[in-house]
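As stored in model28.pdb (PDB, C-alpha atoms and all ligand atoms):
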ATOM      1  CA  MET A 147     -21.672  12.585 -55.340  1.00  0.00           C
ATOM      2  CA  ASP A 148     -24.234   9.812 -54.840  1.00  0.00           C
ATOM      3  CA  HIS A 149     -25.412   8.382 -51.490  1.00  0.00           C
ATOM      4  CA  ASP A 150     -23.290   5.220 -51.679  1.00  0.00           C
ATOM      5  CA  ARG A 151     -20.113   7.162 -52.451  1.00  0.00           C
ATOM      6  CA  ALA A 152     -20.851   9.609 -49.611  1.00  0.00           C
ATOM      7  CA  ARG A 153     -21.297   6.769 -47.113  1.00  0.00           C
ATOM      8  CA  GLU A 154     -18.133   5.038 -48.331  1.00  0.00           C
ATOM      9  CA  LEU A 155     -16.209   8.132 -47.318  1.00  0.00           C
ATOM     10  CA  PHE A 156     -17.532   8.258 -43.746  1.00  0.00           C
ATOM     11  CA  THR A 157     -14.597   6.329 -42.230  1.00  0.00           C
ATOM     12  CA  ALA A 158     -11.948   8.377 -44.010  1.00  0.00           C
ATOM     13  CA  TYR A 159     -13.886  11.570 -43.221  1.00  0.00           C
ATOM     14  CA  HIS A 160     -14.043  10.636 -39.545  1.00  0.00           C
ATOM     15  CA  ASP A 161     -10.317   9.854 -39.495  1.00  0.00           C
ATOM     16  CA  GLU A 162      -9.628  13.148 -41.336  1.00  0.00           C
ATOM     17  CA  GLU A 163      -7.992  11.299 -44.211  1.00  0.00           C
ATOM     18  CA  LEU A 164      -9.956  12.911 -47.053  1.00  0.00           C
ATOM     19  CA  SER A 165      -8.496  15.463 -49.427  1.00  0.00           C
ATOM     20  CA  SER A 166      -9.904  18.971 -49.092  1.00  0.00           C
ATOM     21  CA  SER A 167     -11.849  18.560 -52.358  1.00  0.00           C
ATOM     22  CA  GLU A 168     -13.388  15.263 -51.088  1.00  0.00           C
ATOM     23  CA  VAL A 169     -14.308  16.947 -47.790  1.00  0.00           C
ATOM     24  CA  GLU A 170     -15.948  19.767 -49.714  1.00  0.00           C
ATOM     25  CA  GLU A 171     -17.924  17.345 -51.898  1.00  0.00           C
ATOM     26  CA  LEU A 172     -19.023  15.202 -48.956  1.00  0.00           C
ATOM     27  CA  GLU A 173     -20.021  18.140 -46.788  1.00  0.00           C
ATOM     28  CA  SER A 174     -22.077  19.678 -49.576  1.00  0.00           C
ATOM     29  CA  HIS A 175     -23.803  16.300 -50.092  1.00  0.00           C
ATOM     30  CA  LEU A 176     -24.495  15.958 -46.356  1.00  0.00           C
ATOM     31  CA  ALA A 177     -25.881  19.485 -46.252  1.00  0.00           C
ATOM     32  CA  ALA A 178     -28.240  18.670 -49.130  1.00  0.00           C
ATOM     33  CA  CYS A 179     -29.127  15.029 -48.281  1.00  0.00           C
ATOM     34  CA  GLU A 180     -31.221  14.320 -45.196  1.00  0.00           C
ATOM     35  CA  ALA A 181     -30.751  10.522 -45.367  1.00  0.00           C
ATOM     36  CA  CYS A 182     -26.932  10.679 -45.552  1.00  0.00           C
ATOM     37  CA  SER A 183     -26.840  13.415 -42.922  1.00  0.00           C
ATOM     38  CA  VAL A 184     -28.752  11.185 -40.475  1.00  0.00           C
ATOM     39  CA  GLU A 185     -26.518   8.257 -41.454  1.00  0.00           C
ATOM     40  CA  TRP A 186     -23.388  10.343 -40.822  1.00  0.00           C
ATOM     41  CA  ASP A 187     -24.695  11.497 -37.455  1.00  0.00           C
ATOM     42  CA  THR A 188     -25.335   7.889 -36.414  1.00  0.00           C
ATOM     43  CA  TYR A 189     -21.885   6.830 -37.617  1.00  0.00           C
ATOM     44  CA  ARG A 190     -20.166   9.693 -35.803  1.00  0.00           C
ATOM     45  CA  ARG A 191     -22.025   9.022 -32.534  1.00  0.00           C
ATOM     46  CA  THR A 192     -21.316   5.293 -32.740  1.00  0.00           C
ATOM     47  CA  MET A 193     -17.625   5.993 -33.228  1.00  0.00           C
ATOM     48  CA  GLU A 194     -17.630   8.345 -30.238  1.00  0.00           C
ATOM     49  CA  GLU A 195     -19.225   5.693 -28.042  1.00  0.00           C
ATOM     50  CA  ILE A 196     -16.755   3.057 -29.198  1.00  0.00           C
ATOM     51  CA  SER A 197     -13.751   5.294 -28.542  1.00  0.00           C
ATOM     52  CA  GLY A 198     -15.324   6.225 -25.188  1.00  0.00           C
ATOM     53  CA  LEU A 199     -15.274   2.538 -24.237  1.00  0.00           C
ATOM     54  CA  HIS A 200     -11.490   2.531 -24.314  1.00  0.00           C
ATOM     55  CA  LYS A 201     -11.421   5.093 -21.529  1.00  0.00           C
ATOM     56  CA  PHE A 202     -12.904   2.757 -18.925  1.00  0.00           C
ATOM     57  CA  ALA A 203     -10.332   1.524 -16.450  1.00  0.00           C
ATOM     58  CA  ALA A 204     -10.202  -2.228 -15.912  1.00  0.00           C
ATOM     59  CA  PRO A 205     -12.024  -3.272 -12.733  1.00  0.00           C
ATOM     60  CA  VAL A 206      -9.834  -3.671  -9.672  1.00  0.00           C
ATOM     61  CA  GLY A 207      -8.456  -7.197  -9.429  1.00  0.00           C
ATOM     62  CA  MET A 208      -9.351  -8.038 -13.009  1.00  0.00           C
ATOM     63  CA  THR A 209      -5.789  -8.943 -13.995  1.00  0.00           C
ATOM     64  CA  GLU A 210      -5.529 -11.363 -11.060  1.00  0.00           C
ATOM     65  CA  ALA A 211      -8.963 -12.818 -11.832  1.00  0.00           C
ATOM     66  CA  VAL A 212      -7.992 -13.401 -15.464  1.00  0.00           C
ATOM     67  CA  GLU A 213      -4.668 -14.947 -14.442  1.00  0.00           C
ATOM     68  CA  GLN A 214      -6.440 -17.228 -11.965  1.00  0.00           C
ATOM     69  CA  LYS A 215      -8.913 -18.326 -14.611  1.00  0.00           C
ATOM     70  CA  ILE A 216      -6.119 -19.014 -17.111  1.00  0.00           C
ATOM     71  CA  LYS A 217      -4.181 -20.890 -14.445  1.00  0.00           C
ATOM     72  CA  ARG A 218      -7.234 -23.014 -13.609  1.00  0.00           C
ATOM     73  CA  ARG A 219      -8.167 -23.732 -17.222  1.00  0.00           C
ATOM     74  CA  SER A 220      -4.560 -24.495 -18.233  1.00  0.00           C
ATOM     75  CA  LYS A 221      -4.235 -26.766 -15.176  1.00  0.00           C
ATOM     76  CA  GLY A 222      -1.370 -24.670 -13.814  1.00  0.00           C
ATOM     77  CA  ARG A 223       0.706 -24.500 -16.974  1.00  0.00           C
ATOM     78  CA  PHE A 224       0.313 -20.737 -17.041  1.00  0.00           C
ATOM     79  CA  PHE A 225       0.487 -18.256 -14.192  1.00  0.00           C
ATOM     80  CA  SER A 226       1.364 -20.900 -11.615  1.00  0.00           C
ATOM     81  CA  GLU A 227       2.602 -19.593  -8.311  1.00  0.00           C
ATOM     82  CA  GLN A 228       6.234 -18.767  -8.853  1.00  0.00           C
ATOM     83  CA  ARG A 229       8.397 -17.285  -6.150  1.00  0.00           C
ATOM     84  CA  SER A 230       9.821 -13.946  -7.117  1.00  0.00           C
ATOM     85  CA  PHE A 231      13.567 -13.670  -7.575  1.00  0.00           C
ATOM     86  CA  SER A 232      14.004 -11.657  -4.359  1.00  0.00           C
ATOM     87  CA  THR A 233      12.161 -14.330  -2.358  1.00  0.00           C
ATOM     88  CA  GLN A 234      14.323 -17.062  -3.884  1.00  0.00           C
ATOM     89  CA  PHE A 235      17.426 -15.013  -3.099  1.00  0.00           C
ATOM     90  CA  ALA A 236      16.316 -14.570   0.518  1.00  0.00           C
ATOM     91  CA  ILE A 237      15.686 -18.318   0.892  1.00  0.00           C
ATOM     92  CA  VAL A 238      19.074 -19.226  -0.615  1.00  0.00           C
ATOM     93  CA  SER A 239      20.829 -16.670   1.610  1.00  0.00           C
ATOM     94  CA  PHE A 240      19.074 -18.046   4.696  1.00  0.00           C
ATOM     95  CA  ILE A 241      20.050 -21.627   3.824  1.00  0.00           C
ATOM     96  CA  LEU A 242      23.688 -20.556   3.249  1.00  0.00           C
ATOM     97  CA  ILE A 243      23.773 -18.778   6.614  1.00  0.00           C
ATOM     98  CA  LEU A 244      22.395 -21.916   8.304  1.00  0.00           C
ATOM     99  CA  LEU A 245      25.024 -24.041   6.552  1.00  0.00           C
ATOM    100  CA  PHE A 246      27.856 -21.740   7.668  1.00  0.00           C
ATOM    101  CA  MET A 247      26.521 -21.764  11.229  1.00  0.00           C
ATOM    102  CA  ALA A 248      26.263 -25.555  11.147  1.00  0.00           C
ATOM    103  CA  ALA A 249      29.766 -25.840   9.705  1.00  0.00           C
ATOM    104  CA  TYR A 250      31.129 -23.495  12.392  1.00  0.00           C
ATOM    105  CA  LEU A 251      29.412 -25.445  15.169  1.00  0.00           C
ATOM    106  CA  VAL A 252      30.611 -28.805  13.780  1.00  0.00           C
ATOM    107  CA  LEU A 253      34.216 -27.588  13.409  1.00  0.00           C
ATOM    108  CA  THR A 254      34.391 -26.111  16.938  1.00  0.00           C
ATOM    109  CA  GLU A 255      32.713 -29.280  18.287  1.00  0.00           C
ATOM    110  CA  VAL A 256      35.292 -31.507  16.558  1.00  0.00           C
ATOM    111  CA  THR A 257      38.288 -29.794  18.286  1.00  0.00           C
ATOM    112  CA  GLU A 258      36.452 -30.207  21.606  1.00  0.00           C
ATOM    113  CA  ILE A 259      35.947 -33.948  20.970  1.00  0.00           C
ATOM    114  CA  THR A 260      39.618 -34.380  19.997  1.00  0.00           C
ATOM    115  CA  VAL A 261      40.682 -32.895  23.315  1.00  0.00           C
ATOM    116  CA  LEU A 262      38.320 -35.218  25.202  1.00  0.00           C
ATOM    117  CA  GLU A 263      39.565 -38.353  23.435  1.00  0.00           C
ATOM    118  CA  GLU A 264      43.196 -37.698  24.307  1.00  0.00           C
ATOM    119  CA  ASP A 265      42.920 -38.321  28.049  1.00  0.00           C
ATOM    120  CA  GLY A 266      39.380 -39.614  28.370  1.00  0.00           C
ATOM    121  CA  LYS A 267      38.138 -36.939  30.770  1.00  0.00           C
ATOM    122  CA  THR A 268      36.978 -33.380  30.514  1.00  0.00           C
ATOM    123  CA  PRO A 269      40.027 -31.172  30.920  1.00  0.00           C
ATOM    124  CA  THR A 270      39.846 -28.269  33.366  1.00  0.00           C
ATOM    125  CA  ALA A 271      40.616 -24.798  32.144  1.00  0.00           C
ATOM    126  CA  GLN A 272      44.114 -24.988  33.689  1.00  0.00           C
ATOM    127  CA  GLU A 273      44.903 -28.355  32.077  1.00  0.00           C
ATOM    128  CA  ARG A 274      43.735 -27.046  28.744  1.00  0.00           C
ATOM    129  CA  ASP A 275      46.016 -23.994  29.168  1.00  0.00           C
ATOM    130  CA  ALA A 276      48.935 -26.200  30.162  1.00  0.00           C
ATOM    131  CA  GLY A 277      48.359 -28.492  27.168  1.00  0.00           C
ATOM    132  CA  ALA A 278      48.403 -25.558  24.833  1.00  0.00           C
ATOM    133  CA  ARG A 279      51.902 -24.491  26.010  1.00  0.00           C
TER     134      ARG A 279
HETATM  135 ZN    ZN A 301     -27.156  11.016 -49.634  1.00  0.00          ZN
END
Once you've parsed the file, please lay out its structure as structure tokens.
Amino acid sequence: MDHDRARELFTAYHDEELSSSEVEELESHLAACEACSVEWDTYRRTMEEISGLHKFAAPVGMTEAVEQKIKRRSKGRFFSEQRSFSTQFAIVSFILILLFMAAYLVLTEVTEITVLEEDGKTPTAQERDAGAR
């Protein structure tokens, strides 16, 4: 095995994708060849550092910061403030309750006005009872 061939196999060797005969050939070359051995060591350490990078957690608030930046740069087309479904539901429910209350108040008010218009003065409780009979 020559130096170039040995170095070509580094990736597959690192990913454990070589056949046992290829592993044997490469390892015997690395044992005999100082230059390729150093090269392999560098490759292996570089790969370890790269895979180590993936283990870092994203900084706190990074997602929000990225979303804010995208929102700013896209002039609000992306990640604009949208109310969550539960908030929208709460608002709609509140408005419906207000409407029902308003409707109730209007309807009870209307019967009151009708009574007033009939004789032009506020009926006493007794008159109202008598009228109902
Ligand atoms: Zn070599």
Contacts to ligand ZN 301 (chain A) at 10 Å cut-off (only C-alpha atoms and all ligand atoms) as a PyMOL selection string: chain A and resi 147-153+172+175-186
Interatomic distance (Å, one decimal) between atom CA of A:Glu163 and atom CA of A:Glu195: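 So the answer is 20.5 Å.
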Separation of atom CA of A:Met193 from atom CA of A:Val212 in Å: 28.0 Å
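With atom CA of A:Phe225 on one side and atom CA of A:Ala211 on the other, the separation reads 11.2 Å.
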